[in-house]
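Chemist: Take a look at run_15.pdb, PDB, C-alpha atoms and all ligand atoms:
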```pdb
MODEL        1
ATOM      1  CA  MET A  89      -0.859  74.629  29.756
ATOM      2  CA  PHE A  90      -1.270  72.891  26.390
ATOM      3  CA  LYS A  91      -4.930  73.861  26.262
ATOM      4  CA  LYS A  92      -4.043  77.472  26.849
ATOM      5  CA  ALA A  93      -1.481  77.432  24.063
ATOM      6  CA  ALA A  94      -3.974  75.844  21.686
ATOM      7  CA  THR A  95      -6.538  78.500  22.520
ATOM      8  CA  LEU A  96      -3.960  81.196  21.856
ATOM      9  CA  ILE A  97      -3.068  79.674  18.486
ATOM     10  CA  ALA A  98      -6.740  79.403  17.586
ATOM     11  CA  LEU A  99      -7.332  83.000  18.624
ATOM     12  CA  SER A 100      -4.411  84.306  16.607
ATOM     13  CA  CYS A 101      -5.770  82.351  13.667
ATOM     14  CA  VAL A 102      -9.104  84.114  13.954
ATOM     15  CA  LEU A 103      -7.268  87.430  14.143
ATOM     16  CA  ALA A 104      -5.126  86.585  11.145
ATOM     17  CA  LEU A 105      -8.250  85.546   9.287
ATOM     18  CA  SER A 106      -9.890  88.852   9.845
ATOM     19  CA  LEU A 107      -6.775  90.674   8.642
ATOM     20  CA  VAL A 108      -5.954  88.726   5.527
ATOM     21  CA  MET A 109      -8.137  86.624   3.282
ATOM     22  CA  GLY A 110      -7.005  83.053   3.540
ATOM     23  CA  GLY A 111      -5.739  82.491   7.051
ATOM     24  CA  CYS A 112      -5.079  79.261   8.878
ATOM     25  CA  GLY A 113      -6.015  75.764   7.978
ATOM     26  CA  SER A 114      -7.283  74.360   4.746
ATOM     27  CA  SER A 115      -9.941  76.782   3.542
ATOM     28  CA  SER A 116      -7.636  79.140   1.723
ATOM     29  CA  GLU A 117     -10.187  80.100  -0.957
ATOM     30  CA  ASN A 118     -13.025  80.603   1.430
ATOM     31  CA  ALA A 119     -12.260  82.774   4.416
ATOM     32  CA  GLU A 120     -15.377  81.553   6.176
ATOM     33  CA  PRO A 121     -14.630  78.452   8.234
ATOM     34  CA  ALA A 122     -16.861  75.383   8.015
ATOM     35  CA  LYS A 123     -20.097  76.043   9.860
ATOM     36  CA  GLN A 124     -20.626  72.485  10.986
ATOM     37  CA  ALA A 125     -18.320  69.565  11.459
ATOM     38  CA  SER A 126     -18.882  67.116   8.650
ATOM     39  CA  SER A 127     -17.145  64.253  10.411
ATOM     40  CA  GLU A 128     -20.307  62.422  11.485
ATOM     41  CA  MET A 129     -21.333  62.153   7.864
ATOM     42  CA  ALA A 130     -19.647  59.330   6.009
ATOM     43  CA  MET A 131     -18.472  61.201   2.920
ATOM     44  CA  VAL A 132     -16.892  59.463  -0.073
ATOM     45  CA  ASN A 133     -14.140  62.121  -0.040
ATOM     46  CA  SER A 134     -13.763  63.907   3.253
ATOM     47  CA  GLY A 135     -14.653  67.593   3.191
ATOM     48  CA  LYS A 136     -16.442  67.179  -0.126
ATOM     49  CA  LEU A 137     -19.968  66.546  -1.289
ATOM     50  CA  THR A 138     -19.294  64.206  -4.193
ATOM     51  CA  VAL A 139     -22.315  64.446  -6.414
ATOM     52  CA  ALA A 140     -23.417  63.118  -9.795
ATOM     53  CA  SER A 141     -25.943  64.107 -12.433
ATOM     54  CA  ASP A 142     -26.684  63.487 -16.097
ATOM     55  CA  PHE A 143     -26.503  67.220 -16.976
ATOM     56  CA  GLN A 144     -29.158  66.701 -19.658
ATOM     57  CA  PHE A 145     -31.983  68.567 -18.024
ATOM     58  CA  PRO A 146     -32.002  72.335 -18.551
ATOM     59  CA  PRO A 147     -32.548  74.618 -16.713
ATOM     60  CA  PHE A 148     -31.981  72.317 -13.724
ATOM     61  CA  GLU A 149     -28.683  70.608 -14.530
ATOM     62  CA  TYR A 150     -26.967  70.931 -17.892
ATOM     63  CA  MET A 151     -23.711  71.667 -19.680
ATOM     64  CA  ASP A 152     -23.073  75.184 -20.917
ATOM     65  CA  GLY A 153     -20.070  74.409 -23.096
ATOM     66  CA  SER A 154     -17.784  72.628 -20.655
ATOM     67  CA  ASN A 155     -19.440  74.242 -17.616
ATOM     68  CA  LYS A 156     -21.791  72.331 -15.361
ATOM     69  CA  THR A 157     -24.615  74.701 -14.566
ATOM     70  CA  GLY A 158     -28.296  75.101 -13.738
ATOM     71  CA  PHE A 159     -30.744  75.719 -10.914
ATOM     72  CA  SER A 160     -29.935  72.496  -9.049
ATOM     73  CA  VAL A 161     -26.200  72.875  -9.576
ATOM     74  CA  GLU A 162     -26.290  76.296  -7.907
ATOM     75  CA  LEU A 163     -28.620  75.007  -5.207
ATOM     76  CA  VAL A 164     -26.214  72.172  -4.397
ATOM     77  CA  GLU A 165     -23.244  74.570  -4.338
ATOM     78  CA  ALA A 166     -25.138  76.672  -1.792
ATOM     79  CA  LEU A 167     -26.197  73.606   0.245
ATOM     80  CA  ALA A 168     -22.614  72.319   0.326
ATOM     81  CA  GLN A 169     -21.312  75.685   1.461
ATOM     82  CA  GLU A 170     -23.935  75.783   4.186
ATOM     83  CA  MET A 171     -22.764  72.353   5.346
ATOM     84  CA  GLY A 172     -19.086  73.312   5.344
ATOM     85  CA  LEU A 173     -18.368  71.069   2.359
ATOM     86  CA  GLU A 174     -17.128  71.655  -1.154
ATOM     87  CA  ALA A 175     -19.368  70.387  -3.956
ATOM     88  CA  ASN A 176     -17.490  68.084  -6.291
ATOM     89  CA  TRP A 177     -19.444  67.165  -9.445
ATOM     90  CA  LEU A 178     -18.494  64.063 -11.377
ATOM     91  CA  ASP A 179     -18.686  64.119 -15.161
ATOM     92  CA  PRO A 180     -22.147  63.359 -16.618
ATOM     93  CA  ILE A 181     -23.604  59.933 -15.867
ATOM     94  CA  LYS A 182     -26.618  58.417 -17.646
ATOM     95  CA  PHE A 183     -29.857  59.172 -15.805
ATOM     96  CA  ASP A 184     -31.038  55.613 -15.243
ATOM     97  CA  THR A 185     -27.746  54.626 -13.570
ATOM     98  CA  LEU A 186     -27.768  57.406 -10.944
ATOM     99  CA  VAL A 187     -30.040  55.827  -8.325
ATOM    100  CA  PRO A 188     -28.227  52.447  -8.590
ATOM    101  CA  LEU A 189     -24.902  54.316  -8.171
ATOM    102  CA  VAL A 190     -26.103  56.004  -4.986
ATOM    103  CA  LYS A 191     -27.375  52.667  -3.685
ATOM    104  CA  GLN A 192     -24.136  50.875  -4.511
ATOM    105  CA  GLY A 193     -22.151  53.370  -2.370
ATOM    106  CA  GLY A 194     -18.485  54.337  -2.444
ATOM    107  CA  LYS A 195     -18.530  56.514  -5.580
ATOM    108  CA  ILE A 196     -20.905  59.391  -4.842
ATOM    109  CA  ASP A 197     -22.582  60.880  -1.802
ATOM    110  CA  ALA A 198     -25.658  62.045  -3.656
ATOM    111  CA  ALA A 199     -27.351  62.206  -7.043
ATOM    112  CA  VAL A 200     -28.996  65.425  -8.156
ATOM    113  CA  ALA A 201     -30.873  65.113 -11.437
ATOM    114  CA  SER A 202     -34.405  66.422 -10.879
ATOM    115  CA  ILE A 203     -35.183  62.971  -9.546
ATOM    116  CA  THR A 204     -38.867  62.615  -8.708
ATOM    117  CA  ILE A 205     -39.390  61.215  -5.238
ATOM    118  CA  ASN A 206     -41.504  58.068  -5.567
ATOM    119  CA  GLU A 207     -42.172  54.835  -3.704
ATOM    120  CA  GLU A 208     -40.235  52.674  -6.129
ATOM    121  CA  ARG A 209     -37.065  54.740  -5.756
ATOM    122  CA  LYS A 210     -37.568  55.060  -1.999
ATOM    123  CA  GLN A 211     -37.027  51.295  -1.813
ATOM    124  CA  GLU A 212     -33.497  51.893  -3.149
ATOM    125  CA  VAL A 213     -32.352  55.227  -1.692
ATOM    126  CA  ASP A 214     -33.313  57.966   0.747
ATOM    127  CA  PHE A 215     -34.414  61.386  -0.472
ATOM    128  CA  SER A 216     -33.925  64.866   0.889
ATOM    129  CA  ASP A 217     -37.023  66.949   1.456
ATOM    130  CA  PRO A 218     -38.546  68.041  -1.871
ATOM    131  CA  TYR A 219     -36.893  71.095  -3.426
ATOM    132  CA  LEU A 220     -39.072  71.648  -6.507
ATOM    133  CA  ASP A 221     -42.556  70.787  -7.817
ATOM    134  CA  SER A 222     -42.999  69.499 -11.353
ATOM    135  CA  ASN A 223     -45.426  67.923 -13.832
ATOM    136  CA  GLN A 224     -45.276  66.046 -17.109
ATOM    137  CA  GLY A 225     -45.826  67.476 -20.589
ATOM    138  CA  LEU A 226     -46.266  66.310 -24.167
ATOM    139  CA  ALA A 227     -44.660  68.037 -27.162
ATOM    140  CA  VAL A 228     -45.000  67.513 -30.925
ATOM    141  CA  MET A 229     -43.756  69.354 -34.018
ATOM    142  CA  LYS A 230     -45.621  72.596 -34.733
ATOM    143  CA  ASP A 231     -46.599  71.397 -38.194
ATOM    144  CA  SER A 232     -48.115  68.108 -36.958
ATOM    145  CA  ASN A 233     -51.821  67.390 -36.559
ATOM    146  CA  PHE A 234     -51.514  66.009 -33.015
ATOM    147  CA  ALA A 235     -53.304  68.325 -30.618
ATOM    148  CA  SER A 236     -53.999  66.292 -27.473
ATOM    149  CA  GLN A 237     -53.085  63.296 -25.340
ATOM    150  CA  GLU A 238     -55.901  61.310 -27.024
ATOM    151  CA  ASP A 239     -54.446  62.015 -30.462
ATOM    152  CA  LEU A 240     -51.223  60.311 -29.371
ATOM    153  CA  ASN A 241     -52.827  57.233 -27.833
ATOM    154  CA  LYS A 242     -53.170  55.456 -31.169
ATOM    155  CA  ALA A 243     -51.499  52.519 -32.874
ATOM    156  CA  GLY A 244     -48.574  53.623 -35.024
ATOM    157  CA  VAL A 245     -47.882  56.783 -32.999
ATOM    158  CA  LYS A 246     -44.342  56.892 -31.559
ATOM    159  CA  VAL A 247     -43.644  58.703 -28.299
ATOM    160  CA  ALA A 248     -40.023  59.241 -27.210
ATOM    161  CA  VAL A 249     -39.132  59.112 -23.511
ATOM    162  CA  GLN A 250     -35.968  59.002 -21.407
ATOM    163  CA  SER A 251     -35.006  55.589 -20.054
ATOM    164  CA  GLY A 252     -35.912  55.159 -16.391
ATOM    165  CA  SER A 253     -37.782  58.472 -16.160
ATOM    166  CA  THR A 254     -41.211  59.183 -14.763
ATOM    167  CA  GLY A 255     -42.025  60.316 -18.325
ATOM    168  CA  GLU A 256     -41.405  56.743 -19.471
ATOM    169  CA  ALA A 257     -43.622  55.377 -16.685
ATOM    170  CA  TRP A 258     -46.389  57.905 -17.418
ATOM    171  CA  ALA A 259     -46.375  57.295 -21.187
ATOM    172  CA  THR A 260     -46.328  53.511 -20.782
ATOM    173  CA  GLU A 261     -49.337  53.672 -18.491
ATOM    174  CA  ASN A 262     -51.356  56.422 -20.157
ATOM    175  CA  LEU A 263     -50.617  55.929 -23.855
ATOM    176  CA  PRO A 264     -51.044  52.133 -24.029
ATOM    177  CA  ASN A 265     -51.898  52.150 -27.731
ATOM    178  CA  ALA A 266     -48.846  54.166 -28.786
ATOM    179  CA  GLU A 267     -45.352  52.809 -29.305
ATOM    180  CA  ILE A 268     -42.970  54.069 -26.603
ATOM    181  CA  LEU A 269     -39.423  54.784 -27.823
ATOM    182  CA  VAL A 270     -37.073  54.521 -24.851
ATOM    183  CA  LEU A 271     -33.966  56.694 -25.424
ATOM    184  CA  ASP A 272     -30.928  57.683 -23.330
ATOM    185  CA  ASP A 273     -31.975  61.286 -22.753
ATOM    186  CA  ASN A 274     -34.324  64.030 -23.877
ATOM    187  CA  THR A 275     -31.865  65.546 -26.331
ATOM    188  CA  ALA A 276     -32.111  62.258 -28.219
ATOM    189  CA  GLY A 277     -35.897  62.490 -27.810
ATOM    190  CA  PHE A 278     -36.102  65.938 -29.422
ATOM    191  CA  ALA A 279     -33.689  64.838 -32.160
ATOM    192  CA  ALA A 280     -36.020  61.888 -32.901
ATOM    193  CA  LEU A 281     -38.972  64.287 -32.968
ATOM    194  CA  GLN A 282     -37.240  66.626 -35.425
ATOM    195  CA  SER A 283     -36.152  63.842 -37.728
ATOM    196  CA  GLY A 284     -39.620  62.276 -37.758
ATOM    197  CA  LYS A 285     -38.545  59.106 -35.939
ATOM    198  CA  ALA A 286     -40.862  60.094 -33.086
ATOM    199  CA  ASP A 287     -44.244  61.850 -33.229
ATOM    200  CA  ALA A 288     -44.086  63.211 -29.686
ATOM    201  CA  VAL A 289     -41.914  63.465 -26.577
ATOM    202  CA  ALA A 290     -43.049  63.037 -22.966
ATOM    203  CA  LEU A 291     -40.972  64.562 -20.179
ATOM    204  CA  ASP A 292     -41.020  66.946 -17.228
ATOM    205  CA  LEU A 293     -42.938  70.079 -18.214
ATOM    206  CA  PRO A 294     -40.475  72.783 -17.047
ATOM    207  CA  VAL A 295     -37.639  71.137 -18.983
ATOM    208  CA  MET A 296     -39.867  70.624 -22.015
ATOM    209  CA  GLN A 297     -40.877  74.292 -21.959
ATOM    210  CA  TRP A 298     -37.245  75.355 -21.671
ATOM    211  CA  MET A 299     -36.014  73.068 -24.452
ATOM    212  CA  VAL A 300     -38.805  74.118 -26.842
ATOM    213  CA  LYS A 301     -38.118  77.797 -26.186
ATOM    214  CA  GLU A 302     -34.311  77.668 -26.259
ATOM    215  CA  SER A 303     -33.434  74.904 -28.686
ATOM    216  CA  TYR A 304     -36.435  73.473 -30.556
ATOM    217  CA  PRO A 305     -38.673  76.376 -31.639
ATOM    218  CA  ASP A 306     -40.252  74.216 -34.337
ATOM    219  CA  ALA A 307     -41.784  72.036 -31.590
ATOM    220  CA  LYS A 308     -44.725  72.914 -29.315
ATOM    221  CA  VAL A 309     -46.164  71.764 -25.996
ATOM    222  CA  ILE A 310     -49.672  70.330 -26.521
ATOM    223  CA  ALA A 311     -50.468  69.002 -23.051
ATOM    224  CA  GLU A 312     -49.605  69.751 -19.445
ATOM    225  CA  ILE A 313     -50.231  66.749 -17.229
ATOM    226  CA  PRO A 314     -50.599  67.425 -13.506
ATOM    227  CA  THR A 315     -48.634  64.483 -12.104
ATOM    228  CA  GLY A 316     -47.720  66.464  -8.968
ATOM    229  CA  GLU A 317     -44.093  65.318  -8.899
ATOM    230  CA  GLN A 318     -41.495  66.619  -6.489
ATOM    231  CA  TYR A 319     -37.722  66.540  -6.943
ATOM    232  CA  GLY A 320     -35.422  65.307  -4.184
ATOM    233  CA  ILE A 321     -31.705  64.679  -3.731
ATOM    234  CA  ALA A 322     -30.970  60.937  -3.631
ATOM    235  CA  VAL A 323     -28.725  59.794  -0.772
ATOM    236  CA  SER A 324     -27.647  56.339   0.344
ATOM    237  CA  LYS A 325     -29.772  54.708   3.033
ATOM    238  CA  GLU A 326     -26.433  54.115   4.796
ATOM    239  CA  ASN A 327     -25.937  57.852   5.289
ATOM    240  CA  PRO A 328     -29.008  59.237   7.106
ATOM    241  CA  GLU A 329     -26.873  61.942   8.712
ATOM    242  CA  LEU A 330     -26.170  63.431   5.278
ATOM    243  CA  THR A 331     -29.888  63.490   4.422
ATOM    244  CA  LYS A 332     -30.549  65.224   7.730
ATOM    245  CA  LYS A 333     -27.844  67.836   7.132
ATOM    246  CA  LEU A 334     -29.067  68.450   3.577
ATOM    247  CA  ASN A 335     -32.579  69.039   4.903
ATOM    248  CA  GLU A 336     -31.325  71.468   7.536
ATOM    249  CA  ALA A 337     -29.278  73.342   4.933
ATOM    250  CA  LEU A 338     -32.234  73.407   2.512
ATOM    251  CA  LYS A 339     -34.435  74.883   5.218
ATOM    252  CA  THR A 340     -31.814  77.545   5.947
ATOM    253  CA  LEU A 341     -31.590  78.503   2.257
ATOM    254  CA  LYS A 342     -35.374  78.718   2.017
ATOM    255  CA  ASP A 343     -35.517  80.863   5.161
ATOM    256  CA  ASN A 344     -32.684  83.210   4.247
ATOM    257  CA  GLY A 345     -33.783  83.941   0.675
ATOM    258  CA  LYS A 346     -30.911  82.171  -1.098
ATOM    259  CA  TYR A 347     -33.246  79.513  -2.551
ATOM    260  CA  ASP A 348     -35.547  82.241  -3.944
ATOM    261  CA  GLU A 349     -32.580  84.096  -5.383
ATOM    262  CA  ILE A 350     -31.430  81.033  -7.343
ATOM    263  CA  HIS A 351     -35.021  80.236  -8.388
ATOM    264  CA  LYS A 352     -35.494  83.773  -9.678
ATOM    265  CA  LYS A 353     -32.276  83.594 -11.677
ATOM    266  CA  TYR A 354     -33.508  80.575 -13.634
ATOM    267  CA  PHE A 355     -37.294  81.008 -13.625
ATOM    268  CA  GLY A 356     -37.774  84.741 -13.256
ATOM    269  CA  ASN A 357     -39.934  84.454 -10.160
TER     270      ASN A 357
HETATM  271  N1  LIG A 401     -38.225  63.865 -12.929
HETATM  272  C1  LIG A 401     -38.046  62.795 -13.857
HETATM  273  C2  LIG A 401     -37.709  61.540 -13.117
HETATM  274  O1  LIG A 401     -37.399  61.583 -11.985
HETATM  275  C3  LIG A 401     -36.983  63.083 -14.897
HETATM  276  C4  LIG A 401     -35.646  63.380 -14.349
HETATM  277  C5  LIG A 401     -34.568  63.544 -15.383
HETATM  278  O2  LIG A 401     -34.745  63.177 -16.525
HETATM  279  N2  LIG A 401     -33.444  64.076 -15.029
HETATM  280  O3  LIG A 401     -37.734  60.474 -13.672
ENDMDL
END
```
Please express what this file holds, its structure, as structure tokens.
Modeler:
Amino acid sequence: MFKKAATLIALSCVLALSLVMGGCGSSSENAEPAKQASSEMAMVNSGKLTVASDFQFPPFEYMDGSNKTGFSVELVEALAQEMGLEANWLDPIKFDTLVPLVKQGGKIDAAVASITINEERKQEVDFSDPYLDSNQGLAVMKDSNFASQEDLNKAGVKVAVQSGSTGEAWATENLPNAEILVLDDNTAGFAALQSGKADAVALDLPVMQWMVKESYPDAKVIAEIPTGEQYGIAVSKENPELTKKLNEALKTLKDNGKYDEIHKKYFGN
């Protein structure tokens, strides 16, 4: 009896849904019901994908005025929707604290900040499947005499990097004679370059290219370094089900063209 009544209620809900936007239950903004139950995933806030970034890395994740935007932001919105969750972005958090925050648990479900998947970080957190390939680059001011990696590997040359980044690790290892200036983010790096406090910056090539083109036209890229990095979403080792669901959703978005659509919007191809 009760079962029958419940079925009837559910059916009338579906009918109502198809007649009016909104309908029964909680998803009043989104007429499409959750595709998968999210209950087996231990989310920080139920029904939400609580996610953090530094928003200092255009075109992947950055602030456009007070708006959080970028390739990865849109990708995560689409992933969350695919998983029946709502993406909830925290305000910007410094890059080198993101992986520790995921590891610590309780505050965020995932960190999305163009984080290169590497062995060191895999000791601390799990990663989704890779969602983007990247490399390192070196930039200097257009009016400088530095033209190559070798030119920078000299005593007295200052190279700015972001704290905790693969750019920092690369520069420390490959420019042993230079002085490495470890700064909070790449905006500070480019500011140091412009003011003459740094002679060069080392960071992920696509971001470097974007920043030079959009914001620092008096700088130029002098080297592309094929480090073969891949970005992944960092998830707690305590939440393997979330990593699994993210991977399934990522595969779906790659198969159905949504990933390509977002990629094209930001990279033109
Ligand atoms: N991909 C680089 C890293 O993982 C830089 C990421 C970033 O600065 N957001 O260290």
Chemist: If the PyMOL selection byres (((not hetatm)) within 10 of (chain A and resi 401)) were run on this exact file, what residues would it hold? Put them as a PyMOL selection string.
Modeler: chain A and resi 141-146+148-150+182-184+186+200-206+209+221-224+249-258+272-274+291-293+295+317-320
Chemist: Could you list the residues chosen by the PyMOL selection byres (((chain A and resi 161) around 9) and not hetatm) in this structure as a PDB file with C-alpha atoms, in the coordinates of the input?
Modeler:
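Okay, this is what ended up in part_37.pdb:
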```pdb
ATOM      1  CA  PHE A 148     -31.981  72.317 -13.724  1.00  0.00           C
ATOM      2  CA  GLU A 149     -28.683  70.608 -14.530  1.00  0.00           C
ATOM      3  CA  TYR A 150     -26.967  70.931 -17.892  1.00  0.00           C
ATOM      4  CA  LYS A 156     -21.791  72.331 -15.361  1.00  0.00           C
ATOM      5  CA  THR A 157     -24.615  74.701 -14.566  1.00  0.00           C
ATOM      6  CA  GLY A 158     -28.296  75.101 -13.738  1.00  0.00           C
ATOM      7  CA  PHE A 159     -30.744  75.719 -10.914  1.00  0.00           C
ATOM      8  CA  SER A 160     -29.935  72.496  -9.049  1.00  0.00           C
ATOM      9  CA  GLU A 162     -26.290  76.296  -7.907  1.00  0.00           C
ATOM     10  CA  LEU A 163     -28.620  75.007  -5.207  1.00  0.00           C
ATOM     11  CA  VAL A 164     -26.214  72.172  -4.397  1.00  0.00           C
ATOM     12  CA  GLU A 165     -23.244  74.570  -4.338  1.00  0.00           C
ATOM     13  CA  ALA A 166     -25.138  76.672  -1.792  1.00  0.00           C
ATOM     14  CA  TRP A 177     -19.444  67.165  -9.445  1.00  0.00           C
ATOM     15  CA  VAL A 200     -28.996  65.425  -8.156  1.00  0.00           C
TER      16      VAL A 200
END
```
Chemist: Around (-29.3, 61.3, 2.2) in the file's own coordinates, what residues are found within 12 Å if you use all atoms listed in the file, given back as an NGL selection string?
Modeler: :A and (129-131 or 137 or 139 or 187 or 190-191 or 193 or 196-200 or 210 or 212-217 or 320-336)
Chemist: Applying the PyMOL selection byres (((chain A and resi 277) around 12) and not hetatm) to the file I just gave you, which residues come out? Please list them as a ChimeraX atom specification.
Modeler: /A:144,226-228,246-251,255-256,268-276,278-291,296,299,304,307
Chemist: Got time to write the residues from that selection, C-alpha atoms, as a compact mmCIF listing (two decimals), keeping the file's coordinate frame?
Modeler:
```txt
# COMPACT_ATOMS: atom_id res chain seq x y z
CA GLN A 144 -29.16 66.70 -19.66
CA LEU A 226 -46.27 66.31 -24.17
CA ALA A 227 -44.66 68.04 -27.16
CA VAL A 228 -45.00 67.51 -30.92
CA LYS A 246 -44.34 56.89 -31.56
CA VAL A 247 -43.64 58.70 -28.30
CA ALA A 248 -40.02 59.24 -27.21
CA VAL A 249 -39.13 59.11 -23.51
CA GLN A 250 -35.97 59.00 -21.41
CA SER A 251 -35.01 55.59 -20.05
CA GLY A 255 -42.02 60.32 -18.32
CA GLU A 256 -41.40 56.74 -19.47
CA ILE A 268 -42.97 54.07 -26.60
CA LEU A 269 -39.42 54.78 -27.82
CA VAL A 270 -37.07 54.52 -24.85
CA LEU A 271 -33.97 56.69 -25.42
CA ASP A 272 -30.93 57.68 -23.33
CA ASP A 273 -31.98 61.29 -22.75
CA ASN A 274 -34.32 64.03 -23.88
CA THR A 275 -31.86 65.55 -26.33
CA ALA A 276 -32.11 62.26 -28.22
CA PHE A 278 -36.10 65.94 -29.42
CA ALA A 279 -33.69 64.84 -32.16
CA ALA A 280 -36.02 61.89 -32.90
CA LEU A 281 -38.97 64.29 -32.97
CA GLN A 282 -37.24 66.63 -35.42
CA SER A 283 -36.15 63.84 -37.73
CA GLY A 284 -39.62 62.28 -37.76
CA LYS A 285 -38.54 59.11 -35.94
CA ALA A 286 -40.86 60.09 -33.09
CA ASP A 287 -44.24 61.85 -33.23
CA ALA A 288 -44.09 63.21 -29.69
CA VAL A 289 -41.91 63.46 -26.58
CA ALA A 290 -43.05 63.04 -22.97
CA LEU A 291 -40.97 64.56 -20.18
CA MET A 296 -39.87 70.62 -22.02
CA MET A 299 -36.01 73.07 -24.45
CA TYR A 304 -36.44 73.47 -30.56
CA ALA A 307 -41.78 72.04 -31.59
```
Chemist: Counting only C-alpha atoms, which residue out of A:Gly345, A:Pro264, A:Pro294, A:Gly225 sits closest to Glu312 (chain A)?
Modeler: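 Once distances to Glu312 (chain A) are computed over only C-alpha atoms, the minimum belongs to A:Gly225.
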Chemist: So the first atom is CA of His351 (chain A) and the second is CA of Lys308 (chain A); what is the distance between them in Å, to one decimal place?
Modeler: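 Atom-to-atom, CA of His351 (chain A) and CA of Lys308 (chain A) are spaced 24.2 Å apart.
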Chemist: What is the CA of Pro180 (chain A)-CA of Asp348 (chain A) distance in Å, reported with one decimal?
Modeler: 26.4 Å
Chemist: Measure the distance from CA of Asn241 (chain A) to CA of Pro305 (chain A) in Å and round it to one decimal.
Modeler: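 That distance, rounded to one decimal, is 24.1 Å.
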Chemist: From the list A:Lys353, A:Asn233, A:Pro218, A:Glu238, which residue is nearest Gly316 (chain A) when using all atoms listed in the file?
Modeler: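 Of A:Lys353, A:Asn233, A:Pro218, A:Glu238, the one nearest Gly316 (chain A), counting all atoms listed in the file, is A:Pro218.
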Chemist: Of the residues A:Leu240, A:Ala175, A:Ile350, A:Ala311, which is the one nearest to Asn133 (chain A), using only C-alpha atoms?
Modeler: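 The shortest atom-to-atom distance to Asn133 (chain A) comes from A:Ala175.
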